[in-house]
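**Student:** The structure is given below, and queries will be raised subsequently.
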Amino acid sequence: MGRIVSNFFISLDGVVESPDQWHFDYFSDEMGAVIGSGMATCAGFLMGRKLYEEWSAYWTTNTDDDGFGPFINAIPKYVVSTTLTEATWHNTTLVTGTPEEIQTQLSEIRASADGDIGVSGSATLVRSLLAMGLLDTLALLVHPVAVGSGDRLFQDSPKIPLRLLSSTTIEHGVLHLEYTPAEQPQP
């Protein structure tokens with residue numbers, strides 16, 4: 001059985017929106033290694049509609065990038081949406097329907113995965129995964145910057161108890177934190 005693992009660049013004040021505007025000042029080889037180790041266990045990639053639309057438009061034409069292009073274009077992708085009617089990006093499955101149908105489909109994808117199903121960004125989707133009890137790990141790269149405004153990971157969400165799995169300080173004061181929902185059994 002696979003796991004659903006969410007990864008975020010996040011500011012100290014909880015902002016996850018537009019990391020391209022504040023993240024790169026803190027990027028290092030050490031952070032790249034953390035990101036690379038997460039990609040190494042990835043058997044599939046889960047995303048919401050907005051991220052799917054952005055990434056499918058970009059990565060289908062920019063495959064020569066730093067290795068992420070070939071990775072994301074080849075890996076099985078799952079896009080959760082109640083508004084899309086088709087997903088044309090190579091190796092993409094559309095997950096749609098009622099909330100119960102979506103939960104069933106995601107449970108089946110997770111159960112059949114031979115590795116992690118990664119999620120990058122897609123805050124609304126991650127909040128839904130937590131509510132459905134389907135998120136296994138929430139990995140955060142907490143940047144030492146207060147952005148001030150933007151979409152926050154837990155914006156207008158109910159209380160979500162989490163249990164810390166690991167914490168590491170990497171270069172430039174970035175914290176790599178991994179959590180699991182507190183209700184899940186210990187590994």
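So you can find residues: chains in the structure tokens are A, B, ... in the order shown, residues in each start at 1, and ligands are numbered from 1 in order.
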Please identify every residue of stretch 103-158 of chain A that has at least one atom no farther than 10 Å from an atom of stretch 46-69 of chain A, counting only C-alpha atoms, and for each give the shortest atom pair and the distance in Å to one decimal, arranged by chain then increasing number, as CSV.
**Tutor:**
```
residue,atom,partner,partner_atom,distance
A:Leu106,CA,A:Leu46,CA,9.3
A:Ile109,CA,A:Leu46,CA,9.9
A:Ile117,CA,A:Leu46,CA,6.4
A:Gly118,CA,A:Leu46,CA,5.9
A:Val119,CA,A:Leu46,CA,5.1
A:Ser120,CA,A:Met47,CA,7.2
A:Gly121,CA,A:Leu51,CA,7.5
A:Ser122,CA,A:Gly48,CA,5.6
A:Ala123,CA,A:Gly48,CA,8.6
A:Thr124,CA,A:Gly48,CA,7.7
A:Leu125,CA,A:Gly48,CA,5.9
A:Val126,CA,A:Gly48,CA,9.0
```
**Student:** Which neighbours of stretch 25-32 of chain A fall inside 8 Å, counting only C-alpha atoms, when residues of the same chain fewer than 5 positions from it are skipped, and could you give them as a list in words?
**Tutor:** His143, Ile170, Glu171, His172 and Val174 of chain A
**Student:** If you count only C-alpha atoms, which residues fall within 10 Å of A:Ala111, apart from same-chain ones fewer than 5 positions away, as a list of chain:residue names?
**Tutor:**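 Those residues are A:Met1, A:Gly2, A:Arg3, A:Ile4, A:Gln105, A:Leu106.
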**Student:** Need to verify the contact set: A:Ile102, 12 Å, only C-alpha atoms, exclusion of same-chain residues closer than 2 positions in sequence. Can you return it as a list in words?
**Tutor:**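 Neighbouring residues, sequence-local ones excluded: Tyr78, Val79, Val80, Ser81, Thr82, Leu94, Val95, Thr96, Gly97, Thr98, Pro99, Glu100, Thr104, Gln105, Leu106, Ser107, Glu108, Ile109, Leu125, Ser128, Leu129, Met132 and Leu134 of chain A.
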**Student:** Let's have the selection written as a PDB file, in the first residue's frame, with C-alpha atoms.
**Tutor:**
```
ATOM      1  CA  TYR A  78      -3.899  12.092 -10.781  1.00  0.00           C
ATOM      2  CA  VAL A  79      -5.844  15.343 -10.929  1.00  0.00           C
ATOM      3  CA  VAL A  80      -8.734  15.893  -8.517  1.00  0.00           C
ATOM      4  CA  SER A  81     -11.397  18.182  -9.935  1.00  0.00           C
ATOM      5  CA  THR A  82     -15.126  18.596  -9.986  1.00  0.00           C
ATOM      6  CA  LEU A  94      -8.933  12.444 -13.748  1.00  0.00           C
ATOM      7  CA  VAL A  95     -10.406  11.869 -10.279  1.00  0.00           C
ATOM      8  CA  THR A  96     -13.888  13.371 -10.186  1.00  0.00           C
ATOM      9  CA  GLY A  97     -17.417  12.898  -8.921  1.00  0.00           C
ATOM     10  CA  THR A  98     -19.116  13.419  -5.579  1.00  0.00           C
ATOM     11  CA  PRO A  99     -16.930  13.887  -2.500  1.00  0.00           C
ATOM     12  CA  GLU A 100     -17.626  10.256  -1.577  1.00  0.00           C
ATOM     13  CA  THR A 104     -13.189   6.126  -2.864  1.00  0.00           C
ATOM     14  CA  GLN A 105     -11.069   6.702  -5.968  1.00  0.00           C
ATOM     15  CA  LEU A 106      -8.225   8.234  -3.954  1.00  0.00           C
ATOM     16  CA  SER A 107      -8.352   5.367  -1.451  1.00  0.00           C
ATOM     17  CA  GLU A 108      -8.049   2.889  -4.338  1.00  0.00           C
ATOM     18  CA  ILE A 109      -5.137   4.813  -5.898  1.00  0.00           C
ATOM     19  CA  LEU A 125      -6.648  19.473  -1.997  1.00  0.00           C
ATOM     20  CA  SER A 128      -9.530  17.875   1.789  1.00  0.00           C
ATOM     21  CA  LEU A 129      -7.146  14.913   2.066  1.00  0.00           C
ATOM     22  CA  MET A 132     -10.920  12.510   4.468  1.00  0.00           C
ATOM     23  CA  LEU A 134      -6.117  10.111   3.391  1.00  0.00           C
TER      24      LEU A 134
END
```
**Student:** With distances taken over only C-alpha atoms, which residue among A:Gly133, A:Pro76, A:Thr85, A:Gly115 lies nearest A:Gln103?
**Tutor:**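 Looking only at the distances to A:Gln103, the closest residue turns out to be A:Gly133.
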**Student:** How would you write, as a ChimeraX atom specification, the set of residues in chain A that DSSP gives as strand (DSSP E)?
**Tutor:** /A:3-11,42-48,77-80,92-95,116-120,137-143,162-170,174-181
**Student:** Of the candidates A:Thr180, A:Gln21, A:Ser167, A:Thr93, which one gets nearest to A:Ile75 if we count only C-alpha atoms?
**Tutor:**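 For A:Ile75, the nearest of the given residues is A:Thr93.
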**Student:** In terms of the shortest atom-to-atom distance over only C-alpha atoms, which of A:Pro181, A:Gly173, A:Pro161, A:Gly36 is closest to A:Thr137?
**Tutor:**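 Nearest to A:Thr137: A:Pro181.
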**Student:** Can you measure atom CA of A:Ser157 to atom CA of A:Glu178 for me? One decimal in Å is fine.
**Tutor:**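 Answer for the atom CA of A:Ser157 to atom CA of A:Glu178 separation: 19.4 Å.
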**Student:** Just list as a VMD selection string whatever in stretch 51-140 of chain A DSSP marks as helix (DSSP H, G or I).
**Tutor:** chain A and resid 51 to 59 68 to 74 99 to 112 123 to 132
**Student:** Save out the residues we just selected, N, CA and C atoms, as a tab-separated table (two decimals), in the first residue's frame.
**Tutor:**
```
chain	number	residue	atom	x	y	z
A	51	LEU	N	-3.23	23.56	-10.13
A	51	LEU	CA	-1.85	23.14	-10.35
A	51	LEU	C	-1.73	22.32	-11.63
A	52	TYR	N	-2.70	21.44	-11.87
A	52	TYR	CA	-2.70	20.65	-13.11
A	52	TYR	C	-2.68	21.57	-14.33
A	53	GLU	N	-3.53	22.58	-14.35
A	53	GLU	CA	-3.58	23.48	-15.50
A	53	GLU	C	-2.27	24.23	-15.69
A	54	GLU	N	-1.68	24.70	-14.58
A	54	GLU	CA	-0.41	25.43	-14.67
A	54	GLU	C	0.72	24.51	-15.14
A	55	TRP	N	0.85	23.36	-14.48
A	55	TRP	CA	1.97	22.47	-14.77
A	55	TRP	C	1.84	21.77	-16.11
A	56	SER	N	0.63	21.39	-16.49
A	56	SER	CA	0.49	20.70	-17.79
A	56	SER	C	0.83	21.67	-18.93
A	57	ALA	N	0.48	22.93	-18.77
A	57	ALA	CA	0.81	23.92	-19.80
A	57	ALA	C	2.33	24.14	-19.87
A	58	TYR	N	2.99	24.14	-18.71
A	58	TYR	CA	4.42	24.43	-18.68
A	58	TYR	C	5.28	23.20	-18.98
A	59	TRP	N	5.06	22.10	-18.26
A	59	TRP	CA	5.99	20.97	-18.32
A	59	TRP	C	5.88	20.15	-19.60
A	68	PHE	N	13.33	17.78	-13.46
A	68	PHE	CA	11.96	17.64	-13.01
A	68	PHE	C	11.02	17.44	-14.19
A	69	GLY	N	11.30	18.06	-15.32
A	69	GLY	CA	10.46	17.91	-16.51
A	69	GLY	C	10.29	16.45	-16.92
A	70	PRO	N	11.38	15.73	-17.17
A	70	PRO	CA	11.24	14.32	-17.52
A	70	PRO	C	10.54	13.50	-16.43
A	71	PHE	N	10.82	13.82	-15.18
A	71	PHE	CA	10.18	13.11	-14.06
A	71	PHE	C	8.67	13.30	-14.08
A	72	ILE	N	8.21	14.56	-14.10
A	72	ILE	CA	6.78	14.84	-13.97
A	72	ILE	C	6.02	14.42	-15.23
A	73	ASN	N	6.67	14.48	-16.39
A	73	ASN	CA	5.98	14.06	-17.61
A	73	ASN	C	5.79	12.55	-17.67
A	74	ALA	N	6.69	11.78	-17.08
A	74	ALA	CA	6.62	10.31	-17.16
A	74	ALA	C	5.79	9.68	-16.06
A	99	PRO	N	-18.01	14.03	-3.49
A	99	PRO	CA	-16.93	13.89	-2.50
A	99	PRO	C	-16.70	12.43	-2.08
A	100	GLU	N	-17.76	11.67	-1.95
A	100	GLU	CA	-17.63	10.26	-1.58
A	100	GLU	C	-16.95	9.45	-2.69
A	101	GLU	N	-17.31	9.73	-3.94
A	101	GLU	CA	-16.69	9.04	-5.07
A	101	GLU	C	-15.20	9.39	-5.18
A	102	ILE	N	-14.89	10.66	-4.97
A	102	ILE	CA	-13.49	11.09	-5.00
A	102	ILE	C	-12.71	10.39	-3.88
A	103	GLN	N	-13.27	10.33	-2.70
A	103	GLN	CA	-12.61	9.66	-1.58
A	103	GLN	C	-12.37	8.19	-1.89
A	104	THR	N	-13.34	7.53	-2.50
A	104	THR	CA	-13.19	6.13	-2.86
A	104	THR	C	-12.09	5.95	-3.90
A	105	GLN	N	-12.09	6.80	-4.92
A	105	GLN	CA	-11.07	6.70	-5.97
A	105	GLN	C	-9.67	6.94	-5.40
A	106	LEU	N	-9.53	7.94	-4.54
A	106	LEU	CA	-8.23	8.23	-3.95
A	106	LEU	C	-7.77	7.11	-3.03
A	107	SER	N	-8.70	6.51	-2.31
A	107	SER	CA	-8.35	5.37	-1.45
A	107	SER	C	-7.85	4.21	-2.29
A	108	GLU	N	-8.48	3.97	-3.44
A	108	GLU	CA	-8.05	2.89	-4.34
A	108	GLU	C	-6.67	3.18	-4.94
A	109	ILE	N	-6.44	4.43	-5.34
A	109	ILE	CA	-5.14	4.81	-5.90
A	109	ILE	C	-4.06	4.60	-4.84
A	110	ARG	N	-4.32	5.06	-3.65
A	110	ARG	CA	-3.36	4.92	-2.55
A	110	ARG	C	-3.08	3.45	-2.25
A	111	ALA	N	-4.13	2.64	-2.21
A	111	ALA	CA	-3.98	1.21	-1.88
A	111	ALA	C	-3.19	0.46	-2.95
A	112	SER	N	-3.31	0.88	-4.20
A	112	SER	CA	-2.64	0.16	-5.28
A	112	SER	C	-1.25	0.69	-5.61
A	123	ALA	N	-3.07	23.46	-1.85
A	123	ALA	CA	-3.49	23.59	-0.45
A	123	ALA	C	-4.93	23.14	-0.23
A	124	THR	N	-5.83	23.50	-1.13
A	124	THR	CA	-7.23	23.08	-0.98
A	124	THR	C	-7.34	21.57	-1.01
A	125	LEU	N	-6.63	20.93	-1.92
A	125	LEU	CA	-6.65	19.47	-2.00
A	125	LEU	C	-6.08	18.86	-0.72
A	126	VAL	N	-4.99	19.39	-0.21
A	126	VAL	CA	-4.38	18.84	1.01
A	126	VAL	C	-5.33	18.97	2.19
A	127	ARG	N	-6.01	20.10	2.32
A	127	ARG	CA	-7.00	20.24	3.40
A	127	ARG	C	-8.08	19.18	3.26
A	128	SER	N	-8.52	18.91	2.02
A	128	SER	CA	-9.53	17.88	1.79
A	128	SER	C	-8.99	16.49	2.13
A	129	LEU	N	-7.75	16.21	1.75
A	129	LEU	CA	-7.15	14.91	2.07
A	129	LEU	C	-7.07	14.70	3.57
A	130	LEU	N	-6.72	15.74	4.31
A	130	LEU	CA	-6.68	15.64	5.77
A	130	LEU	C	-8.08	15.36	6.32
A	131	ALA	N	-9.07	16.06	5.80
A	131	ALA	CA	-10.45	15.86	6.27
A	131	ALA	C	-10.95	14.44	5.97
A	132	MET	N	-10.51	13.87	4.85
A	132	MET	CA	-10.92	12.51	4.47
A	132	MET	C	-10.10	11.43	5.16
```
**Student:** Can you work out which one of A:Ala113, A:Phe9, A:Val15, A:Asp136 has the shortest atom-to-atom distance to A:Gly44, counting only C-alpha atoms?
**Tutor:**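 Of all the options, A:Ala113 lies closest to A:Gly44.
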**Student:** What separation in Å, quoted to one decimal, exists between atom CA of A:Pro19 and atom CA of A:Val34?
**Tutor:**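 Value for the atom CA of A:Pro19-atom CA of A:Val34 distance: 16.8 Å.
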**Student:** Write out as a PDB file with C-alpha atoms, in the first residue's frame each polymer residue whose atoms come within 7 Å of A:Ser11, counting only C-alpha atoms; drop sequence neighbours fewer than 4 positions from it.
**Tutor:**
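See around_6.pdb below for the written result:
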```
ATOM      1  CA  VAL A  15       1.773  31.335   3.293  1.00  0.00           C
ATOM      2  CA  VAL A  16       2.103  28.692   0.562  1.00  0.00           C
ATOM      3  CA  VAL A 142       9.486  26.278   6.533  1.00  0.00           C
ATOM      4  CA  HIS A 143      11.308  29.351   5.254  1.00  0.00           C
ATOM      5  CA  PRO A 144      12.457  32.036   7.729  1.00  0.00           C
ATOM      6  CA  VAL A 145      10.428  34.796   6.115  1.00  0.00           C
ATOM      7  CA  ALA A 146       7.044  36.358   6.842  1.00  0.00           C
ATOM      8  CA  VAL A 147       5.406  36.973   3.479  1.00  0.00           C
TER       9      VAL A 147
END
```
**Student:** What does the structure give for the distance between atom CA of A:Leu175 and atom CA of A:Leu141, in Å to one decimal?
**Tutor:** 5.6 Å
